[in-house]
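J.: Supplied in structure tokens, the structure appears directly below.
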Amino acid sequence: MPELPEVETVRKGLQELIIGKKIKSVSSDWPKSFPNDQSQVNLYIINSSIIDVRRRAKLLIIDLSSGYSLVTHLKMTGQLVFRSNKQNFGAGHPSNSLVGKLPDKSTRVIISFSDSSKLFFNDQRKFGWMKLTEKKDILKHFTSIYGPEPLDSSFTTTAFKNRLLTRPRSVIKAVLLDQRVIAGVGNIYSDESLWAARIHPLTPTYQLTDQKIKLLHKSLIDVLQLAIKEGGSSDRNYVNAKGQKGSYIKIAKVFRREGQSCPRCNHEIKKMRVIGRGTHYCPYCQRLKIGKIES
Ligand SMILES: [Zn+2]
């Protein structure tokens with residue numbers, strides 16, 4: 001599943017390619033991938049132009065000149081591939097469909113533009129979707145559940161602390177993964193930011209001092225920004241907007257590095273399960289304080 005940096009990389013790639021393009025036709029072979037009424041498609045997609053490609057949490061939002069948007073979730077195996085005479089860009093699940101002839105058996109939606117270029121939404125396992133929604137309803141239907149965007153300027157240390165305080169008794173790793181607390185952070189970047197801030201993943205949130213919260217806030221932003229710069233991770237099923245694997249995973253400090261040495265203290269990196277997710281940490285420089293447990 002892509003995290004914030006991966007979806008942001010898709011967004012940046014598509015933004016360069018499809019803004020201003022006019023949609024000539026749309027076809028889809030699977031109603032769950034494109035659950036939109038045909039009369040609405042005719043009214044609000046056909047002949048409209050793409051005016052923006054945005055991201056909120058892990059959702060991609062393609063805004064149309066009709067006042068509607070295509071809200072898209074790639075889920076596990078989704079990919080977006082743009083093809084024209086001159087360019088071939090693909091992003092998402094790294095299957096051969098990124099470079100092969102399209103449409104193929106993974107193609108769920110084809111958006112054809114007036115200049116003959118095309119955008120393909122491929123999704124082998126069919127968990128992803130592209131939903132036509134009136135722009136003013138996006139908040140109500142999709143995004144009101146999400147916490148703040150960690151890279152927005154309004155996401156200050158104080159804002160972060162206030163979000164953490166909504167789940168004081170939960171362990172910090174679980175809180176970072178909770179999309180209602182902060183949007184877009186998943187397994188890779190929670191492990192990496194906790195390591196950077198020297199916080200044990202099982203630390204209950206209420207035990208974090210203001211100084212630790214400040215450090216974690218900074219680490220989280222640094223880790224996400226670096227990952228975007230690197231084009232996202234190449235975690236199993238993700239490649240960046242140019243169809244290349246992102247390189248973040250190569251520079252990850254603890255993620256999938258169990259058994260290797262901690263780059264900071266040389267002790268062995270361990271892996272454990274936290275709310276069912278494989279969690280990587282250094283037991284030496286991320287120590288768990290056995291504090292008084294509040295009742
Ligand atoms: Zn260490």
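In the structure tokens, each chain is lettered A, B, ... as it comes, each chain's residues begin at 1, and ligands are numbered from 1 in order of appearance.
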List all protein, DNA and RNA residues that have at least one atom no more than 10 Å from any atom of ligand 1, counting only C-alpha atoms and all ligand atoms, and write them as a PDB file with N, CA, C and O atoms, in the first residue's frame.
T.:
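Printed below is out.pdb as written:
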```
ATOM      1  N   TRP A 195      12.648   5.820  14.871  1.00  0.00           N
ATOM      2  CA  TRP A 195      14.090   5.567  15.041  1.00  0.00           C
ATOM      3  C   TRP A 195      14.847   6.902  15.111  1.00  0.00           C
ATOM      4  O   TRP A 195      15.681   7.110  15.998  1.00  0.00           O
ATOM      5  N   ALA A 196      14.531   7.804  14.202  1.00  0.00           N
ATOM      6  CA  ALA A 196      15.226   9.096  14.160  1.00  0.00           C
ATOM      7  C   ALA A 196      15.054   9.859  15.471  1.00  0.00           C
ATOM      8  O   ALA A 196      15.963  10.546  15.929  1.00  0.00           O
ATOM      9  N   ARG A 198      14.535   8.451  18.372  1.00  0.00           N
ATOM     10  CA  ARG A 198      14.936   7.557  19.481  1.00  0.00           C
ATOM     11  C   ARG A 198      13.772   7.229  20.396  1.00  0.00           C
ATOM     12  O   ARG A 198      13.882   7.292  21.630  1.00  0.00           O
ATOM     13  N   LYS A 253      16.809   3.521   7.509  1.00  0.00           N
ATOM     14  CA  LYS A 253      17.746   3.206   8.590  1.00  0.00           C
ATOM     15  C   LYS A 253      17.383   1.915   9.317  1.00  0.00           C
ATOM     16  O   LYS A 253      18.263   1.164   9.724  1.00  0.00           O
ATOM     17  N   VAL A 254      16.090   1.671   9.522  1.00  0.00           N
ATOM     18  CA  VAL A 254      15.679   0.448  10.230  1.00  0.00           C
ATOM     19  C   VAL A 254      14.679  -0.405   9.453  1.00  0.00           C
ATOM     20  O   VAL A 254      14.619  -1.622   9.665  1.00  0.00           O
ATOM     21  N   SER A 261      23.080  -4.008  11.601  1.00  0.00           N
ATOM     22  CA  SER A 261      23.508  -3.110  12.681  1.00  0.00           C
ATOM     23  C   SER A 261      22.801  -1.775  12.586  1.00  0.00           C
ATOM     24  O   SER A 261      22.624  -1.234  11.499  1.00  0.00           O
ATOM     25  N   CYS A 262      22.439  -1.236  13.745  1.00  0.00           N
ATOM     26  CA  CYS A 262      21.867   0.110  13.801  1.00  0.00           C
ATOM     27  C   CYS A 262      22.931   1.101  13.320  1.00  0.00           C
ATOM     28  O   CYS A 262      24.057   1.080  13.803  1.00  0.00           O
ATOM     29  N   PRO A 263      22.610   1.970  12.369  1.00  0.00           N
ATOM     30  CA  PRO A 263      23.620   2.905  11.851  1.00  0.00           C
ATOM     31  C   PRO A 263      24.089   3.922  12.897  1.00  0.00           C
ATOM     32  O   PRO A 263      25.087   4.589  12.699  1.00  0.00           O
ATOM     33  N   ARG A 264      23.388   4.007  14.028  1.00  0.00           N
ATOM     34  CA  ARG A 264      23.753   4.986  15.037  1.00  0.00           C
ATOM     35  C   ARG A 264      24.570   4.360  16.160  1.00  0.00           C
ATOM     36  O   ARG A 264      25.530   4.952  16.622  1.00  0.00           O
ATOM     37  N   CYS A 265      24.194   3.145  16.588  1.00  0.00           N
ATOM     38  CA  CYS A 265      24.879   2.597  17.772  1.00  0.00           C
ATOM     39  C   CYS A 265      25.463   1.209  17.537  1.00  0.00           C
ATOM     40  O   CYS A 265      26.074   0.645  18.440  1.00  0.00           O
ATOM     41  N   ASN A 266      25.221   0.659  16.326  1.00  0.00           N
ATOM     42  CA  ASN A 266      25.792  -0.648  15.986  1.00  0.00           C
ATOM     43  C   ASN A 266      25.129  -1.861  16.625  1.00  0.00           C
ATOM     44  O   ASN A 266      25.516  -2.982  16.347  1.00  0.00           O
ATOM     45  N   HIS A 267      24.144  -1.658  17.477  1.00  0.00           N
ATOM     46  CA  HIS A 267      23.431  -2.814  18.026  1.00  0.00           C
ATOM     47  C   HIS A 267      22.492  -3.386  16.957  1.00  0.00           C
ATOM     48  O   HIS A 267      22.196  -2.727  15.962  1.00  0.00           O
ATOM     49  N   GLU A 268      22.033  -4.610  17.191  1.00  0.00           N
ATOM     50  CA  GLU A 268      21.245  -5.288  16.164  1.00  0.00           C
ATOM     51  C   GLU A 268      19.808  -4.760  16.100  1.00  0.00           C
ATOM     52  O   GLU A 268      19.123  -4.649  17.117  1.00  0.00           O
ATOM     53  N   ILE A 269      19.353  -4.465  14.895  1.00  0.00           N
ATOM     54  CA  ILE A 269      17.984  -4.010  14.688  1.00  0.00           C
ATOM     55  C   ILE A 269      17.034  -5.206  14.827  1.00  0.00           C
ATOM     56  O   ILE A 269      17.301  -6.289  14.323  1.00  0.00           O
ATOM     57  N   TYR A 281      13.036  -1.632  14.820  1.00  0.00           N
ATOM     58  CA  TYR A 281      13.550  -0.660  15.797  1.00  0.00           C
ATOM     59  C   TYR A 281      14.881  -1.135  16.342  1.00  0.00           C
ATOM     60  O   TYR A 281      15.255  -2.306  16.190  1.00  0.00           O
ATOM     61  N   CYS A 282      15.586  -0.218  16.976  1.00  0.00           N
ATOM     62  CA  CYS A 282      16.838  -0.568  17.641  1.00  0.00           C
ATOM     63  C   CYS A 282      16.579  -0.593  19.144  1.00  0.00           C
ATOM     64  O   CYS A 282      16.277   0.439  19.737  1.00  0.00           O
ATOM     65  N   PRO A 283      16.696  -1.772  19.775  1.00  0.00           N
ATOM     66  CA  PRO A 283      16.362  -1.857  21.196  1.00  0.00           C
ATOM     67  C   PRO A 283      17.328  -1.069  22.073  1.00  0.00           C
ATOM     68  O   PRO A 283      17.016  -0.783  23.233  1.00  0.00           O
ATOM     69  N   TYR A 284      18.482  -0.704  21.545  1.00  0.00           N
ATOM     70  CA  TYR A 284      19.453   0.034  22.359  1.00  0.00           C
ATOM     71  C   TYR A 284      19.185   1.534  22.347  1.00  0.00           C
ATOM     72  O   TYR A 284      19.106   2.172  23.383  1.00  0.00           O
ATOM     73  N   CYS A 285      19.017   2.116  21.160  1.00  0.00           N
ATOM     74  CA  CYS A 285      18.805   3.568  21.178  1.00  0.00           C
ATOM     75  C   CYS A 285      17.338   3.976  21.134  1.00  0.00           C
ATOM     76  O   CYS A 285      17.019   5.156  21.154  1.00  0.00           O
ATOM     77  N   GLN A 286      16.442   3.003  21.102  1.00  0.00           N
ATOM     78  CA  GLN A 286      15.004   3.311  21.252  1.00  0.00           C
ATOM     79  C   GLN A 286      14.501   2.508  22.454  1.00  0.00           C
ATOM     80  O   GLN A 286      13.869   1.470  22.287  1.00  0.00           O
ATOM     81  N   ARG A 287      14.818   2.972  23.632  1.00  0.00           N
ATOM     82  CA  ARG A 287      14.488   2.170  24.818  1.00  0.00           C
ATOM     83  C   ARG A 287      13.072   2.434  25.315  1.00  0.00           C
ATOM     84  O   ARG A 287      12.592   3.552  25.233  1.00  0.00           O
TER      85      ARG A 287
END
```
J.: When you look at Ser114 in chain A with a cut-off of 7 Å (counting only C-alpha atoms), what residues show up, excluding the ones that are within fewer than 6 positions of it in the same chain? I need them as a VMD selection string.
T.: chain A and resid 22 to 24
J.: Just to be explicit: take each residue in the selection above, keep all heavy atoms, and write the result as a compact mmCIF listing (two decimals), in the first residue's frame.
T.:
```txt
# COMPACT_ATOMS: atom_id res chain seq x y z
N LYS A 22 -8.12 17.80 -22.46
CA LYS A 22 -9.57 17.66 -22.55
C LYS A 22 -9.94 16.19 -22.75
O LYS A 22 -9.34 15.49 -23.57
CB LYS A 22 -10.06 18.49 -23.74
CG LYS A 22 -11.56 18.63 -23.82
CD LYS A 22 -11.92 19.60 -24.92
CE LYS A 22 -13.41 19.58 -25.18
NZ LYS A 22 -13.74 20.43 -26.33
N ILE A 23 -10.93 15.75 -21.99
CA ILE A 23 -11.30 14.34 -22.03
C ILE A 23 -12.31 14.08 -23.16
O ILE A 23 -13.36 14.72 -23.24
CB ILE A 23 -11.89 13.88 -20.68
CG1 ILE A 23 -10.82 14.03 -19.59
CG2 ILE A 23 -12.40 12.43 -20.76
CD1 ILE A 23 -11.33 13.84 -18.16
N LYS A 24 -11.96 13.14 -24.03
CA LYS A 24 -12.81 12.82 -25.18
C LYS A 24 -13.75 11.65 -24.86
O LYS A 24 -14.93 11.68 -25.18
CB LYS A 24 -11.92 12.46 -26.38
CG LYS A 24 -12.64 12.50 -27.71
CD LYS A 24 -11.67 12.24 -28.85
CE LYS A 24 -11.33 10.76 -28.92
NZ LYS A 24 -10.37 10.43 -29.98
```
J.: Give me every strand (DSSP E or B) residue in range 49-202 of chain A, going by DSSP on the backbone, as an MDAnalysis selection string.
T.: chainID A and resid 49:56 59:64 68:73 78:83 88:92 107:113 118:123 129:134 171
J.: Show me, as a count of residues only, the residues that have an atom within 9 Å of range 71-83 of chain A when counting only C-alpha atoms, minus same-chain residues fewer than 5 positions from it.
T.: 48
J.: Produce a table with one row for each residue of range 126-197 of chain A that has an atom at most 10 Å from any atom of range 201-206 of chain A, each row naming the nearest atom pair and its distance in Å at one decimal; use only C-alpha atoms; arrange rows by chain and rising residue number; format as JSON lines.
T.:
```
{"residue": "A:Lys161", "atom": "CA", "partner": "A:Thr205", "partner_atom": "CA", "distance": 9.6}
{"residue": "A:Leu164", "atom": "CA", "partner": "A:Thr205", "partner_atom": "CA", "distance": 6.7}
{"residue": "A:Leu165", "atom": "CA", "partner": "A:Tyr206", "partner_atom": "CA", "distance": 7.2}
{"residue": "A:Thr166", "atom": "CA", "partner": "A:Thr205", "partner_atom": "CA", "distance": 9.5}
{"residue": "A:Arg167", "atom": "CA", "partner": "A:Thr205", "partner_atom": "CA", "distance": 7.1}
{"residue": "A:Pro168", "atom": "CA", "partner": "A:Tyr206", "partner_atom": "CA", "distance": 4.8}
{"residue": "A:Arg169", "atom": "CA", "partner": "A:Pro204", "partner_atom": "CA", "distance": 5.6}
{"residue": "A:Ser170", "atom": "CA", "partner": "A:Pro204", "partner_atom": "CA", "distance": 5.4}
{"residue": "A:Val171", "atom": "CA", "partner": "A:Pro204", "partner_atom": "CA", "distance": 4.2}
{"residue": "A:Ile172", "atom": "CA", "partner": "A:Thr205", "partner_atom": "CA", "distance": 5.3}
{"residue": "A:Lys173", "atom": "CA", "partner": "A:Pro201", "partner_atom": "CA", "distance": 4.9}
{"residue": "A:Ala174", "atom": "CA", "partner": "A:Pro201", "partner_atom": "CA", "distance": 8.2}
{"residue": "A:Val175", "atom": "CA", "partner": "A:Thr205", "partner_atom": "CA", "distance": 7.9}
{"residue": "A:Leu176", "atom": "CA", "partner": "A:Pro201", "partner_atom": "CA", "distance": 9.7}
{"residue": "A:Ser190", "atom": "CA", "partner": "A:Pro201", "partner_atom": "CA", "distance": 8.8}
{"residue": "A:Asp191", "atom": "CA", "partner": "A:Pro201", "partner_atom": "CA", "distance": 7.6}
{"residue": "A:Leu194", "atom": "CA", "partner": "A:Pro201", "partner_atom": "CA", "distance": 6.7}
{"residue": "A:Trp195", "atom": "CA", "partner": "A:Pro201", "partner_atom": "CA", "distance": 8.6}
```
J.: Under the rule that only C-alpha atoms are counted, which of A:Ile46, A:Asn85, A:Ala57, A:Ser27 is the nearest residue to Val181 in chain A?
T.: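 Distance minimum relative to Val181 in chain A lands on A:Ala57.
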J.: Considering only C-alpha atoms, state which residue in the set A:Pro31, A:Leu43, A:Glu230, A:Val109 is at the smallest distance from Ile249 in chain A.
T.: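 Distance minimum relative to Ile249 in chain A lands on A:Glu230.
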J.: Could you tell me which of A:Glu149, A:Asp210, A:Glu134, A:Asp29 comes closest to Ser106 in chain A if we count only C-alpha atoms?
T.: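 Of A:Glu149, A:Asp210, A:Glu134, A:Asp29, the one nearest Ser106 in chain A is A:Asp29, counting only C-alpha atoms.
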J.: When you look at Ile45 in chain A with a cut-off of 10 Å (counting only C-alpha atoms), what residues show up, excluding the ones that are within fewer than 6 positions of it in the same chain? I need them as a list in words.
T.: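 The filter keeps Lys22, Ile23, Lys24, Ser25, Val26, Gln38, Ser39, Leu64, Ser65, Ser66, Gly67, Tyr68, Ser69, Leu70, Ile111 and Leu132 of chain A.
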J.: Go through A:Gln260, A:Ile221, A:Leu208, A:Thr9 one by one, measure the shortest atom-to-atom distance of each to Ser193 in chain A using only C-alpha atoms, and give the residue with the smallest value.
T.: A:Ile221
